[in-house]
$ cat structure13.txt   # compact mmCIF, C-alpha atoms (C1' of nucleotides)
# COMPACT_ATOMS: atom_id res chain seq x y z
CA MET N 1 53.80 69.02 130.57
CA GLU N 2 50.12 69.67 131.32
CA PRO N 3 49.18 69.87 135.02
CA LEU N 4 48.55 66.48 136.53
CA ASP N 5 45.07 65.51 137.53
CA THR N 6 46.08 63.91 140.79
CA MET N 7 42.53 63.11 141.77
CA VAL N 8 41.82 61.02 138.70
CA LEU N 9 45.23 59.40 138.82
CA LEU N 10 44.84 58.20 142.37
CA LYS N 11 41.27 57.01 141.98
CA ASN N 12 42.18 54.96 138.94
CA LYS N 13 44.92 53.25 140.85
CA GLN N 14 42.88 52.63 143.99
CA LEU N 15 45.03 54.82 146.14
CA LYS N 16 43.71 57.16 148.78
CA LYS N 17 44.08 60.85 148.17
CA THR N 18 46.18 61.88 151.12
CA ALA N 19 47.57 65.38 151.36
CA VAL N 20 51.19 64.26 151.33
CA ARG N 21 50.71 62.02 148.33
CA SER N 22 48.98 64.70 146.30
CA ASP N 23 51.66 67.22 147.05
CA LEU N 24 54.40 64.75 146.28
CA LEU N 25 52.87 64.12 142.86
CA ALA N 26 52.41 67.85 142.34
CA ILE N 27 56.09 68.46 143.00
CA LEU N 28 57.10 65.76 140.54
CA SER N 29 54.72 67.06 137.88
CA GLU N 30 56.32 70.50 138.03
CA LYS N 31 59.89 69.25 137.90
CA LYS N 32 61.74 68.97 134.62
CA ALA N 33 64.13 66.37 135.98
CA PRO N 34 63.87 63.34 138.26
CA CYS N 35 63.91 63.87 142.05
CA ASP N 36 65.57 61.90 144.80
CA ALA N 37 63.94 61.03 148.12
CA MET N 38 65.71 63.67 150.22
CA GLU N 39 64.86 66.45 147.78
CA LEU N 40 61.20 65.50 148.04
CA LEU N 41 61.37 65.22 151.82
CA ILE N 42 62.85 68.69 152.16
CA LYS N 43 60.28 70.24 149.84
CA LEU N 44 57.38 68.49 151.54
CA ARG N 45 58.61 69.48 154.99
CA LYS N 46 58.05 73.14 154.15
CA LYS N 47 54.38 72.31 154.37
CA TYR N 48 54.37 69.20 156.57
CA GLY N 49 56.84 70.15 159.26
CA ARG N 50 57.59 66.77 160.79
CA LEU N 51 57.06 64.55 157.81
CA ASN N 52 59.13 61.42 158.19
CA LYS N 53 61.54 60.14 155.58
CA THR N 54 59.96 56.70 155.92
CA THR N 55 56.71 58.13 154.63
CA VAL N 56 58.40 59.52 151.57
CA TYR N 57 60.21 56.29 150.85
CA ARG N 58 57.00 54.34 151.25
CA GLN N 59 55.09 56.68 148.96
CA LEU N 60 57.79 56.31 146.36
CA GLN N 61 57.61 52.53 146.65
CA THR N 62 53.84 52.45 146.40
CA LEU N 63 53.60 54.88 143.50
CA THR N 64 56.30 53.02 141.63
CA TYR N 65 54.57 49.69 142.21
CA LYS N 66 51.34 51.21 140.89
CA LYS N 67 53.26 52.36 137.83
CA ILE N 68 52.57 56.02 138.45
CA LEU N 69 56.27 56.66 138.96
CA LYS N 70 59.38 55.35 137.32
CA THR N 71 62.70 54.80 139.09
CA ILE N 72 66.03 55.67 137.52
CA GLU N 73 69.61 55.66 138.71
CA LEU N 74 72.24 57.89 137.21
CA GLY N 75 75.39 56.60 138.84
CA GLU N 76 75.00 58.68 141.99
CA GLY N 77 74.37 55.78 144.37
CA LYS N 78 70.77 56.73 144.94
CA LYS N 79 67.46 56.43 143.19
CA ARG N 80 65.56 59.15 141.41
CA TYR N 81 61.89 59.22 140.59
CA GLU N 82 59.79 60.77 137.87
CA LEU N 83 56.22 60.61 136.66
CA LYS N 84 55.67 57.86 134.15
CA THR N 85 54.19 60.15 131.53
CA ASP N 86 55.77 60.69 128.15
CA HIS N 87 58.90 58.77 127.33
CA HIS N 88 62.08 60.80 127.48
CA HIS N 89 65.78 60.63 128.22
CA HIS N 90 68.27 62.59 130.29
CA LEU N 91 71.31 64.77 129.83
CA ILE N 92 73.50 64.62 132.92
CA CYS N 93 76.31 67.15 133.24
CA ARG N 94 79.47 65.62 134.66
CA LYS N 95 80.55 68.99 136.02
CA CYS N 96 77.54 70.70 137.59
CA LYS N 97 75.52 67.48 137.95
CA ASN N 98 72.47 69.15 136.47
CA ILE N 99 69.93 66.81 134.89
CA LYS N 100 67.75 67.78 131.95
CA ASP N 101 64.91 65.91 130.29
CA VAL N 102 65.06 65.53 126.51
CA ARG N 103 62.77 64.00 123.91
CA LEU N 104 64.22 62.27 120.86
CA LYS N 105 62.47 61.46 117.59
CA ASN N 106 64.05 58.03 117.48
CA ASP N 107 62.08 55.88 119.89
CA LEU N 108 64.45 52.92 119.46
CA SER N 109 61.60 50.68 118.31
CA ARG N 110 63.82 49.29 115.55
CA GLU N 111 66.42 48.32 118.11
CA GLU N 112 63.79 46.78 120.34
CA SER N 113 62.53 44.63 117.44
CA ILE N 114 66.02 43.43 116.76
CA ILE N 115 66.48 42.50 120.39
CA THR N 116 63.17 40.66 120.49
CA GLU N 117 64.06 38.61 117.43
CA LYS N 118 67.73 38.00 117.97
CA TYR N 119 67.70 37.36 121.71
CA ARG N 120 64.07 36.38 122.26
CA PHE N 121 63.99 39.07 124.94
CA ARG N 122 60.68 40.90 125.26
CA VAL N 123 61.50 44.55 125.92
CA ILE N 124 59.15 46.31 128.33
CA GLU N 125 61.02 49.59 128.52
CA HIS N 126 64.42 51.09 128.07
CA SER N 127 66.48 53.72 129.76
CA LEU N 128 68.79 56.01 127.80
CA GLU N 129 70.96 58.62 129.47
CA PHE N 130 73.58 60.90 128.00
CA PHE N 131 76.54 62.01 130.12
CA GLY N 132 78.65 65.00 129.17
CA ILE N 133 79.20 68.71 129.67
CA CYS N 134 76.30 71.15 129.57
CA ARG N 135 76.30 74.54 127.88
CA ASN N 136 76.91 76.42 131.12
CA CYS N 137 79.94 74.34 132.03
CA SER N 138 81.76 74.25 128.69
CA MET B 1 86.34 39.37 124.18
CA GLU B 2 90.06 38.67 123.82
CA PRO B 3 91.92 38.03 127.09
CA LEU B 4 93.00 41.19 128.79
CA ASP B 5 96.66 42.08 128.93
CA THR B 6 96.58 43.23 132.51
CA MET B 7 100.29 43.97 132.63
CA VAL B 8 100.18 46.44 129.76
CA LEU B 9 96.96 47.97 130.98
CA LEU B 10 98.31 48.70 134.43
CA LYS B 11 101.68 49.97 133.26
CA ASN B 12 100.05 52.38 130.84
CA LYS B 13 97.94 53.77 133.61
CA GLN B 14 100.76 54.00 136.11
CA LEU B 15 99.23 51.53 138.52
CA LYS B 16 101.16 48.89 140.39
CA LYS B 17 100.55 45.30 139.42
CA THR B 18 99.25 43.88 142.64
CA ALA B 19 97.90 40.35 142.80
CA VAL B 20 94.43 41.43 143.88
CA ARG B 21 94.14 44.05 141.18
CA SER B 22 95.21 41.67 138.43
CA ASP B 23 92.77 39.03 139.55
CA LEU B 24 89.96 41.55 139.85
CA LEU B 25 90.54 42.61 136.26
CA ALA B 26 90.77 38.98 135.18
CA ILE B 27 87.39 38.26 136.72
CA LEU B 28 85.82 41.23 134.96
CA SER B 29 87.37 40.31 131.63
CA GLU B 30 85.80 36.86 131.76
CA LYS B 31 82.33 38.06 132.75
CA LYS B 32 79.69 38.74 130.14
CA ALA B 33 77.80 41.13 132.42
CA PRO B 34 78.73 43.84 134.91
CA CYS B 35 79.68 42.83 138.48
CA ASP B 36 78.87 44.43 141.81
CA ALA B 37 81.34 44.89 144.65
CA MET B 38 80.15 41.97 146.79
CA GLU B 39 80.27 39.53 143.90
CA LEU B 40 83.87 40.50 143.28
CA LEU B 41 84.74 40.32 146.97
CA ILE B 42 83.33 36.79 147.27
CA LYS B 43 85.15 35.57 144.16
CA LEU B 44 88.43 37.13 145.23
CA ARG B 45 88.17 35.70 148.73
CA LYS B 46 88.40 32.19 147.33
CA LYS B 47 92.01 33.02 146.65
CA TYR B 48 92.67 35.85 149.12
CA GLY B 49 90.98 34.54 152.24
CA ARG B 50 90.75 37.69 154.33
CA LEU B 51 90.51 40.27 151.62
CA ASN B 52 88.69 43.30 152.94
CA LYS B 53 85.71 44.88 151.26
CA THR B 54 87.38 48.27 151.58
CA THR B 55 90.13 47.05 149.29
CA VAL B 56 87.64 46.01 146.66
CA TYR B 57 85.77 49.30 146.85
CA ARG B 58 89.02 51.20 146.62
CA GLN B 59 90.19 49.20 143.63
CA LEU B 60 86.91 49.87 141.92
CA GLN B 61 87.24 53.58 142.62
CA THR B 62 90.82 53.73 141.38
CA LEU B 63 90.22 51.69 138.25
CA THR B 64 87.15 53.76 137.42
CA TYR B 65 89.05 56.99 137.93
CA LYS B 66 91.78 55.70 135.61
CA LYS B 67 89.09 54.93 133.05
CA ILE B 68 89.84 51.21 133.00
CA LEU B 69 86.39 50.47 134.40
CA LYS B 70 82.97 51.94 133.85
CA THR B 71 80.26 52.22 136.49
CA ILE B 72 76.62 51.51 135.77
CA GLU B 73 73.47 51.33 137.87
CA LEU B 74 70.49 49.28 136.87
CA GLY B 75 67.92 50.32 139.44
CA GLU B 76 69.10 47.85 142.08
CA GLY B 77 70.40 50.40 144.54
CA LYS B 78 74.01 49.45 144.00
CA LYS B 79 76.75 50.02 141.47
CA ARG B 80 78.02 47.58 138.93
CA TYR B 81 81.34 47.67 137.15
CA GLU B 82 82.62 46.50 133.79
CA LEU B 83 85.73 46.85 131.70
CA LYS B 84 85.65 49.91 129.50
CA THR B 85 86.30 48.01 126.29
CA ASP B 86 83.87 47.92 123.41
CA HIS B 87 80.68 49.89 123.73
CA HIS B 88 77.62 47.81 124.46
CA HIS B 89 74.26 47.83 126.19
CA HIS B 90 72.38 45.57 128.57
CA LEU B 91 69.28 43.43 128.67
CA ILE B 92 67.99 43.14 132.22
CA CYS B 93 65.33 40.53 132.95
CA ARG B 94 62.69 41.80 135.34
CA LYS B 95 61.98 38.26 136.50
CA CYS B 96 65.27 36.41 136.97
CA LYS B 97 67.36 39.61 137.18
CA ASN B 98 69.88 38.19 134.74
CA ILE B 99 71.93 40.76 132.85
CA LYS B 100 73.22 40.21 129.33
CA ASP B 101 75.55 42.34 127.23
CA VAL B 102 74.39 43.21 123.71
CA ARG B 103 75.93 45.12 120.82
CA LEU B 104 73.75 47.22 118.54
CA LYS B 105 74.55 48.48 115.07
CA ASN B 106 73.07 51.86 115.84
CA ASP B 107 75.67 53.72 117.89
CA LEU B 108 73.30 56.68 118.50
CA SER B 109 75.77 59.11 116.95
CA ARG B 110 72.91 60.82 115.09
CA GLU B 111 71.13 61.39 118.38
CA GLU B 112 74.30 62.65 119.98
CA SER B 113 74.77 65.19 117.16
CA ILE B 114 71.24 66.41 117.62
CA ILE B 115 71.80 66.83 121.34
CA THR B 116 75.06 68.69 120.77
CA GLU B 117 73.40 71.12 118.36
CA LYS B 118 70.02 71.59 119.96
CA TYR B 119 71.06 71.71 123.59
CA ARG B 120 74.72 72.68 123.26
CA PHE B 121 75.48 69.69 125.44
CA ARG B 122 78.73 67.90 124.62
CA VAL B 123 78.06 64.19 124.97
CA ILE B 124 80.92 62.15 126.41
CA GLU B 125 79.12 58.84 126.66
CA HIS B 126 75.70 57.34 126.96
CA SER B 127 74.10 54.47 128.77
CA LEU B 128 71.32 52.42 127.20
CA GLU B 129 69.63 49.57 129.05
CA PHE B 130 66.66 47.46 128.04
CA PHE B 131 64.37 46.03 130.71
CA GLY B 132 62.02 43.16 129.98
CA ILE B 133 61.58 39.40 130.10
CA CYS B 134 64.30 37.05 128.92
CA ARG B 135 63.77 33.90 126.85
CA ASN B 136 64.02 31.60 129.86
CA CYS B 137 61.39 33.50 131.82
CA SER B 138 58.74 34.00 129.13
C1' DA J 1 113.30 55.10 150.00
C1' DT J 2 109.14 56.35 148.50
C1' DC J 3 104.78 55.92 146.96
C1' DT J 4 100.95 52.69 146.68
C1' DT J 5 98.07 49.27 148.54
C1' DT J 6 95.86 46.77 152.30
C1' DG J 7 93.30 45.63 156.77
C1' DC J 8 90.56 47.04 160.34
C1' DA J 9 87.27 49.83 162.63
C1' DA J 10 84.20 53.27 162.37
C1' DA J 11 81.08 56.16 160.04
C1' DA J 12 78.20 58.03 156.35
C1' DG J 13 74.44 57.75 153.06
C1' DT J 14 70.39 55.50 151.26
C1' DT J 15 66.60 52.51 151.91
C1' DT J 16 63.75 49.13 154.53
C1' DT J 17 61.12 47.01 158.45
C1' DG J 18 58.18 46.52 162.80
C1' DC J 19 54.87 48.27 165.40
C1' DA J 20 51.68 51.49 167.39
C1' DT J 21 48.78 55.42 166.13
C1' DA J 22 46.23 58.28 163.02
C1' DT J 23 43.64 59.05 158.83
C1' DC J 24 40.69 58.21 154.82
C1' DC J 25 36.52 56.27 152.42
C1' DG K 1 34.71 49.79 160.64
C1' DG K 2 38.16 48.30 157.92
C1' DA K 3 41.83 49.23 155.04
C1' DT K 4 45.44 52.45 154.19
C1' DA K 5 48.87 55.90 155.61
C1' DT K 6 52.03 57.93 159.02
C1' DG K 7 55.70 58.59 162.83
C1' DC K 8 59.31 56.83 165.25
C1' DA K 9 63.07 53.82 166.24
C1' DA K 10 65.93 50.50 164.72
C1' DA K 11 68.21 47.97 161.33
C1' DA K 12 69.92 46.60 156.69
C1' DC K 13 72.67 47.48 152.89
C1' DT K 14 76.09 49.91 150.09
C1' DT K 15 79.93 52.80 150.10
C1' DT K 16 83.49 55.89 152.20
C1' DT K 17 87.14 57.59 155.48
C1' DG K 18 91.18 57.62 158.88
C1' DC K 19 95.07 55.56 160.28
C1' DA K 20 98.68 52.26 160.87
C1' DA K 21 101.01 48.33 158.70
C1' DA K 22 102.54 45.87 154.62
C1' DG K 23 103.94 45.64 149.82
C1' DA K 24 105.70 47.16 145.13
C1' DT K 25 109.13 49.55 142.02
$ encode --input "structure13.txt" --output "structure tokens"
Amino acid sequence: MEPLDTMVLLKNKQLKKTAVRSDLLAILSEKKAPCDAMELLIKLRKKYGRLNKTTVYRQLQTLTYKKILKTIELGEGKKRYELKTDHHHHLICRKCKNIKDVRLKNDLSREESIITEKYRFRVIEHSLEFFGICRNCS
Amino acid sequence: MEPLDTMVLLKNKQLKKTAVRSDLLAILSEKKAPCDAMELLIKLRKKYGRLNKTTVYRQLQTLTYKKILKTIELGEGKKRYELKTDHHHHLICRKCKNIKDVRLKNDLSREESIITEKYRFRVIEHSLEFFGICRNCS
DNA sequence: ATCTTTGCAAAAGTTTTGCATATCC
DNA sequence: GGATATGCAAAACTTTTGCAAAGAT
């Protein structure tokens, strides 16, 4: 993924460019899998020593509300966050718990049309995750 | 869905047929959408007045471990459970939060083959959820 | 008789809220 | 200056654990 232009992103969404927020977005733009709140807190604390978890949670809320981030849950009992850039799915290894982003050619638009017609349900987005055993664990 | 033969199910899995467990499975077999722990606790308490939440959580753990139930998370910050019968997906309304089961013709086996080959990731199962606006809310 | 299940209390893990202070534009 | 962001403490919410008592085969 190309480096994120945090400045532009934040201005467009009427958010202030605070140091923590920029770094949080930078971390997410470099990751190839969704992050949870604690992971972000720990990484950010290397630079912002006494950063509070509340701040992280609030940033995640705000950025999700502004549609810069997307929330997903993978059955772990906690939320994960990723940049709402290109659409992709996840491979979650049941053994090592590693998560990997993948892109599929099939964008499920046929299925979404069927759902719209048959159930009169207007699809905004979908979430598709694959659970199994990764190459390292098999 | 045809009524669940709880007796057979439990015997096959070497679980005792306790009243609470049978009723929990009965509730899930009648539902057309996945349940969370509190919903089950409240329903079960109508019959078992002082049923403890720990019991429900433990049943859910056990039945999931025995592969009678499947856990899903839909971005609500809590787990939901459903019988592991026929494979299906969910429509989640962003307004009224209603959840509906749907069956699709496409079982994504083509995508799973691609993932197996390209990433050497052995898919065990997948989870596909559609988020949008239901007919009542649009 | 033995193994499983349950209740109760306590704790753990994740996320949210209130309020005072600090920071950004 | 006025709106937004942050730190801290406390609480809310979901889920888990330890242990003793009760129940099932």
$ residues_around --input "structure13.txt" --residues "K:DT16" --least-positions-apart "5" --cutoff "9 Å" --atoms "all atoms listed in the file" --output "PyMOL selection string"
(chain B and resi 54+57) or (chain J and resi 11-12)
$ write_last_selection --input "structure13.txt" --atoms "C-alpha atoms (C1' of nucleotides)" --output "compact mmCIF listing (two decimals), keeping the file's coordinate frame"
# COMPACT_ATOMS: atom_id res chain seq x y z
CA THR B 54 87.38 48.27 151.58
CA TYR B 57 85.77 49.30 146.85
C1' DA J 11 81.08 56.16 160.04
C1' DA J 12 78.20 58.03 156.35
$ residues_around --input "structure13.txt" --residues "stretch 98-115 of chain B" --least-positions-apart "5" --cutoff "7 Å" --atoms "all atoms listed in the file" --output "PDB file with C-alpha atoms, in the frame of the given file"
ATOM      1  CA  LYS B  32      79.690  38.740 130.140  1.00  0.00           C
ATOM      2  CA  ALA B  33      77.800  41.130 132.420  1.00  0.00           C
ATOM      3  CA  HIS B  88      77.620  47.810 124.460  1.00  0.00           C
ATOM      4  CA  HIS B  89      74.260  47.830 126.190  1.00  0.00           C
ATOM      5  CA  HIS B  90      72.380  45.570 128.570  1.00  0.00           C
ATOM      6  CA  LEU B  91      69.280  43.430 128.670  1.00  0.00           C
ATOM      7  CA  ILE B  92      67.990  43.140 132.220  1.00  0.00           C
ATOM      8  CA  CYS B  93      65.330  40.530 132.950  1.00  0.00           C
ATOM      9  CA  ARG B 120      74.720  72.680 123.260  1.00  0.00           C
ATOM     10  CA  PHE B 121      75.480  69.690 125.440  1.00  0.00           C
ATOM     11  CA  VAL B 123      78.060  64.190 124.970  1.00  0.00           C
TER      12      VAL B 123
END
$ residues_around --input "structure13.txt" --residues "K:DA22" --least-positions-apart "3" --cutoff "10 Å" --atoms "only C-alpha atoms (C1' of nucleotides)" --output "list in words"
DT5, DT6 and DG7 of chain J
$ atom_distance --input "structure13.txt" --atom1 "atom C1' of J:DC24" --atom2 "atom CA of N:Lys16"
6.8 Å
$ calpha_fit_and_write --input "structure13.txt" --fixed "chain B" --moving "chain N" --output "CSV table (one decimal) with C-alpha atoms, in the coordinates of the input"
chain,number,residue,atom,x,y,z
N,1,MET,CA,86.3,39.4,124.1
N,2,GLU,CA,90.0,38.7,123.8
N,3,PRO,CA,91.9,38.0,127.0
N,4,LEU,CA,93.0,41.2,128.8
N,5,ASP,CA,96.6,42.1,128.9
N,6,THR,CA,96.5,43.2,132.5
N,7,MET,CA,100.2,44.0,132.6
N,8,VAL,CA,100.1,46.5,129.7
N,9,LEU,CA,96.9,48.0,131.0
N,10,LEU,CA,98.3,48.7,134.4
N,11,LYS,CA,101.6,50.0,133.2
N,12,ASN,CA,100.0,52.4,130.8
N,13,LYS,CA,97.9,53.8,133.6
N,14,GLN,CA,100.7,54.1,136.2
N,15,LEU,CA,99.2,51.6,138.5
N,16,LYS,CA,101.1,48.9,140.4
N,17,LYS,CA,100.5,45.3,139.4
N,18,THR,CA,99.3,43.9,142.6
N,19,ALA,CA,97.9,40.4,142.8
N,20,VAL,CA,94.4,41.4,143.9
N,21,ARG,CA,94.1,44.1,141.2
N,22,SER,CA,95.2,41.7,138.4
N,23,ASP,CA,92.8,39.1,139.5
N,24,LEU,CA,90.0,41.6,139.9
N,25,LEU,CA,90.5,42.7,136.3
N,26,ALA,CA,90.8,39.0,135.2
N,27,ILE,CA,87.4,38.3,136.7
N,28,LEU,CA,85.8,41.3,135.0
N,29,SER,CA,87.4,40.4,131.6
N,30,GLU,CA,85.8,36.9,131.7
N,31,LYS,CA,82.4,38.1,132.7
N,32,LYS,CA,79.7,38.8,130.1
N,33,ALA,CA,77.8,41.1,132.4
N,34,PRO,CA,78.7,43.9,134.9
N,35,CYS,CA,79.7,42.8,138.5
N,36,ASP,CA,78.9,44.4,141.8
N,37,ALA,CA,81.4,44.9,144.7
N,38,MET,CA,80.2,41.9,146.8
N,39,GLU,CA,80.3,39.5,143.9
N,40,LEU,CA,83.9,40.5,143.3
N,41,LEU,CA,84.7,40.3,147.0
N,42,ILE,CA,83.3,36.8,147.2
N,43,LYS,CA,85.2,35.6,144.1
N,44,LEU,CA,88.4,37.1,145.2
N,45,ARG,CA,88.2,35.7,148.7
N,46,LYS,CA,88.4,32.2,147.3
N,47,LYS,CA,92.0,33.0,146.6
N,48,TYR,CA,92.7,35.8,149.1
N,49,GLY,CA,91.0,34.5,152.2
N,50,ARG,CA,90.8,37.6,154.3
N,51,LEU,CA,90.5,40.2,151.6
N,52,ASN,CA,88.7,43.2,152.9
N,53,LYS,CA,85.7,44.8,151.2
N,54,THR,CA,87.4,48.2,151.6
N,55,THR,CA,90.1,47.0,149.3
N,56,VAL,CA,87.6,46.0,146.7
N,57,TYR,CA,85.8,49.3,146.9
N,58,ARG,CA,89.0,51.2,146.7
N,59,GLN,CA,90.2,49.2,143.7
N,60,LEU,CA,86.9,49.9,141.9
N,61,GLN,CA,87.2,53.6,142.7
N,62,THR,CA,90.8,53.8,141.4
N,63,LEU,CA,90.2,51.7,138.3
N,64,THR,CA,87.1,53.8,137.5
N,65,TYR,CA,89.0,57.0,138.0
N,66,LYS,CA,91.7,55.7,135.7
N,67,LYS,CA,89.1,55.0,133.1
N,68,ILE,CA,89.8,51.3,133.0
N,69,LEU,CA,86.4,50.5,134.4
N,70,LYS,CA,83.0,52.0,133.9
N,71,THR,CA,80.3,52.2,136.5
N,72,ILE,CA,76.6,51.5,135.8
N,73,GLU,CA,73.5,51.3,137.9
N,74,LEU,CA,70.5,49.3,136.9
N,75,GLY,CA,67.9,50.3,139.4
N,76,GLU,CA,69.1,47.8,142.1
N,77,GLY,CA,70.4,50.4,144.6
N,78,LYS,CA,74.0,49.4,144.0
N,79,LYS,CA,76.7,50.0,141.5
N,80,ARG,CA,78.0,47.6,138.9
N,81,TYR,CA,81.3,47.7,137.2
N,82,GLU,CA,82.6,46.5,133.8
N,83,LEU,CA,85.7,46.9,131.7
N,84,LYS,CA,85.6,50.0,129.5
N,85,THR,CA,86.3,48.1,126.3
N,86,ASP,CA,83.9,47.9,123.4
N,87,HIS,CA,80.7,49.9,123.8
N,88,HIS,CA,77.6,47.8,124.5
N,89,HIS,CA,74.3,47.8,126.2
N,90,HIS,CA,72.4,45.6,128.6
N,91,LEU,CA,69.3,43.4,128.7
N,92,ILE,CA,68.0,43.1,132.2
N,93,CYS,CA,65.3,40.5,133.0
N,94,ARG,CA,62.7,41.8,135.4
N,95,LYS,CA,62.0,38.3,136.5
N,96,CYS,CA,65.2,36.4,137.0
N,97,LYS,CA,67.3,39.6,137.2
N,98,ASN,CA,69.9,38.2,134.8
N,99,ILE,CA,71.9,40.8,132.9
N,100,LYS,CA,73.2,40.2,129.4
N,101,ASP,CA,75.5,42.3,127.3
N,102,VAL,CA,74.4,43.2,123.7
N,103,ARG,CA,75.9,45.1,120.8
N,104,LEU,CA,73.8,47.2,118.6
N,105,LYS,CA,74.6,48.4,115.1
N,106,ASN,CA,73.1,51.8,115.8
N,107,ASP,CA,75.7,53.7,117.9
N,108,LEU,CA,73.3,56.6,118.5
N,109,SER,CA,75.8,59.1,116.9
N,110,ARG,CA,73.0,60.8,115.1
N,111,GLU,CA,71.2,61.3,118.3
N,112,GLU,CA,74.3,62.6,120.0
N,113,SER,CA,74.8,65.2,117.1
N,114,ILE,CA,71.3,66.4,117.6
N,115,ILE,CA,71.8,66.8,121.3
N,116,THR,CA,75.1,68.7,120.7
N,117,GLU,CA,73.5,71.1,118.3
N,118,LYS,CA,70.1,71.6,119.9
N,119,TYR,CA,71.1,71.7,123.5
N,120,ARG,CA,74.8,72.7,123.2
N,121,PHE,CA,75.5,69.7,125.4
N,122,ARG,CA,78.8,67.9,124.6
N,123,VAL,CA,78.1,64.1,125.0
N,124,ILE,CA,81.0,62.1,126.4
N,125,GLU,CA,79.1,58.8,126.7
N,126,HIS,CA,75.7,57.3,126.9
N,127,SER,CA,74.1,54.5,128.8
N,128,LEU,CA,71.3,52.4,127.2
N,129,GLU,CA,69.6,49.6,129.1
N,130,PHE,CA,66.7,47.5,128.1
N,131,PHE,CA,64.4,46.0,130.7
N,132,GLY,CA,62.0,43.2,130.0
N,133,ILE,CA,61.6,39.4,130.1
N,134,CYS,CA,64.3,37.1,128.9
N,135,ARG,CA,63.8,33.9,126.9
N,136,ASN,CA,64.0,31.6,129.9
N,137,CYS,CA,61.4,33.5,131.9
N,138,SER,CA,58.7,34.0,129.2
$ residues_around --input "structure13.txt" --residues "J:DT15" --least-positions-apart "2" --cutoff "12 Å" --atoms "only C-alpha atoms (C1' of nucleotides)" --output "number ranges by chain"
N: 36-38, 53-58, 60-61, 77-79; B: 76-78; J: 13, 17; K: 11-14
$ write_last_selection --input "structure13.txt" --atoms "C-alpha atoms (C1' of nucleotides)" --output "compact mmCIF listing (two decimals), in the coordinates of the input"
# COMPACT_ATOMS: atom_id res chain seq x y z
CA ASP N 36 65.57 61.90 144.80
CA ALA N 37 63.94 61.03 148.12
CA MET N 38 65.71 63.67 150.22
CA LYS N 53 61.54 60.14 155.58
CA THR N 54 59.96 56.70 155.92
CA THR N 55 56.71 58.13 154.63
CA VAL N 56 58.40 59.52 151.57
CA TYR N 57 60.21 56.29 150.85
CA ARG N 58 57.00 54.34 151.25
CA LEU N 60 57.79 56.31 146.36
CA GLN N 61 57.61 52.53 146.65
CA GLY N 77 74.37 55.78 144.37
CA LYS N 78 70.77 56.73 144.94
CA LYS N 79 67.46 56.43 143.19
CA GLU B 76 69.10 47.85 142.08
CA GLY B 77 70.40 50.40 144.54
CA LYS B 78 74.01 49.45 144.00
C1' DG J 13 74.44 57.75 153.06
C1' DT J 17 61.12 47.01 158.45
C1' DA K 11 68.21 47.97 161.33
C1' DA K 12 69.92 46.60 156.69
C1' DC K 13 72.67 47.48 152.89
C1' DT K 14 76.09 49.91 150.09
$ residues_around --input "structure13.txt" --residues "B:Lys47" --least-positions-apart "3" --cutoff "12 Å" --atoms "only C-alpha atoms (C1' of nucleotides)" --output "MDAnalysis selection string"
chainID B and resid 19:20 23:24 40:44 50:51
$ build_atoms --input "structure13.txt" --residues "stretch 59-66 of chain N" --atoms "N, CA, C and O atoms" --output "PDB file, in the frame of the given file"
ATOM      1  N   GLN N  59      55.877  56.125 150.065  1.00  0.00           N
ATOM      2  CA  GLN N  59      55.090  56.680 148.960  1.00  0.00           C
ATOM      3  C   GLN N  59      55.765  56.367 147.633  1.00  0.00           C
ATOM      4  O   GLN N  59      55.106  55.969 146.670  1.00  0.00           O
ATOM      5  N   LEU N  60      57.057  56.538 147.603  1.00  0.00           N
ATOM      6  CA  LEU N  60      57.790  56.310 146.360  1.00  0.00           C
ATOM      7  C   LEU N  60      57.692  54.839 145.940  1.00  0.00           C
ATOM      8  O   LEU N  60      57.509  54.531 144.768  1.00  0.00           O
ATOM      9  N   GLN N  61      57.760  53.968 146.931  1.00  0.00           N
ATOM     10  CA  GLN N  61      57.610  52.530 146.650  1.00  0.00           C
ATOM     11  C   GLN N  61      56.219  52.241 146.080  1.00  0.00           C
ATOM     12  O   GLN N  61      56.075  51.596 145.053  1.00  0.00           O
ATOM     13  N   THR N  62      55.219  52.715 146.794  1.00  0.00           N
ATOM     14  CA  THR N  62      53.840  52.450 146.400  1.00  0.00           C
ATOM     15  C   THR N  62      53.537  52.992 145.007  1.00  0.00           C
ATOM     16  O   THR N  62      52.995  52.291 144.157  1.00  0.00           O
ATOM     17  N   LEU N  63      53.905  54.236 144.783  1.00  0.00           N
ATOM     18  CA  LEU N  63      53.600  54.880 143.500  1.00  0.00           C
ATOM     19  C   LEU N  63      54.376  54.231 142.351  1.00  0.00           C
ATOM     20  O   LEU N  63      53.894  54.196 141.221  1.00  0.00           O
ATOM     21  N   THR N  64      55.542  53.718 142.658  1.00  0.00           N
ATOM     22  CA  THR N  64      56.300  53.020 141.630  1.00  0.00           C
ATOM     23  C   THR N  64      55.647  51.669 141.327  1.00  0.00           C
ATOM     24  O   THR N  64      55.486  51.295 140.169  1.00  0.00           O
ATOM     25  N   TYR N  65      55.245  50.984 142.380  1.00  0.00           N
ATOM     26  CA  TYR N  65      54.570  49.690 142.210  1.00  0.00           C
ATOM     27  C   TYR N  65      53.295  49.844 141.394  1.00  0.00           C
ATOM     28  O   TYR N  65      52.974  49.017 140.545  1.00  0.00           O
ATOM     29  N   LYS N  66      52.591  50.953 141.622  1.00  0.00           N
ATOM     30  CA  LYS N  66      51.340  51.210 140.890  1.00  0.00           C
ATOM     31  C   LYS N  66      51.599  51.769 139.495  1.00  0.00           C
ATOM     32  O   LYS N  66      50.664  52.184 138.805  1.00  0.00           O
TER      33      LYS N  66
END
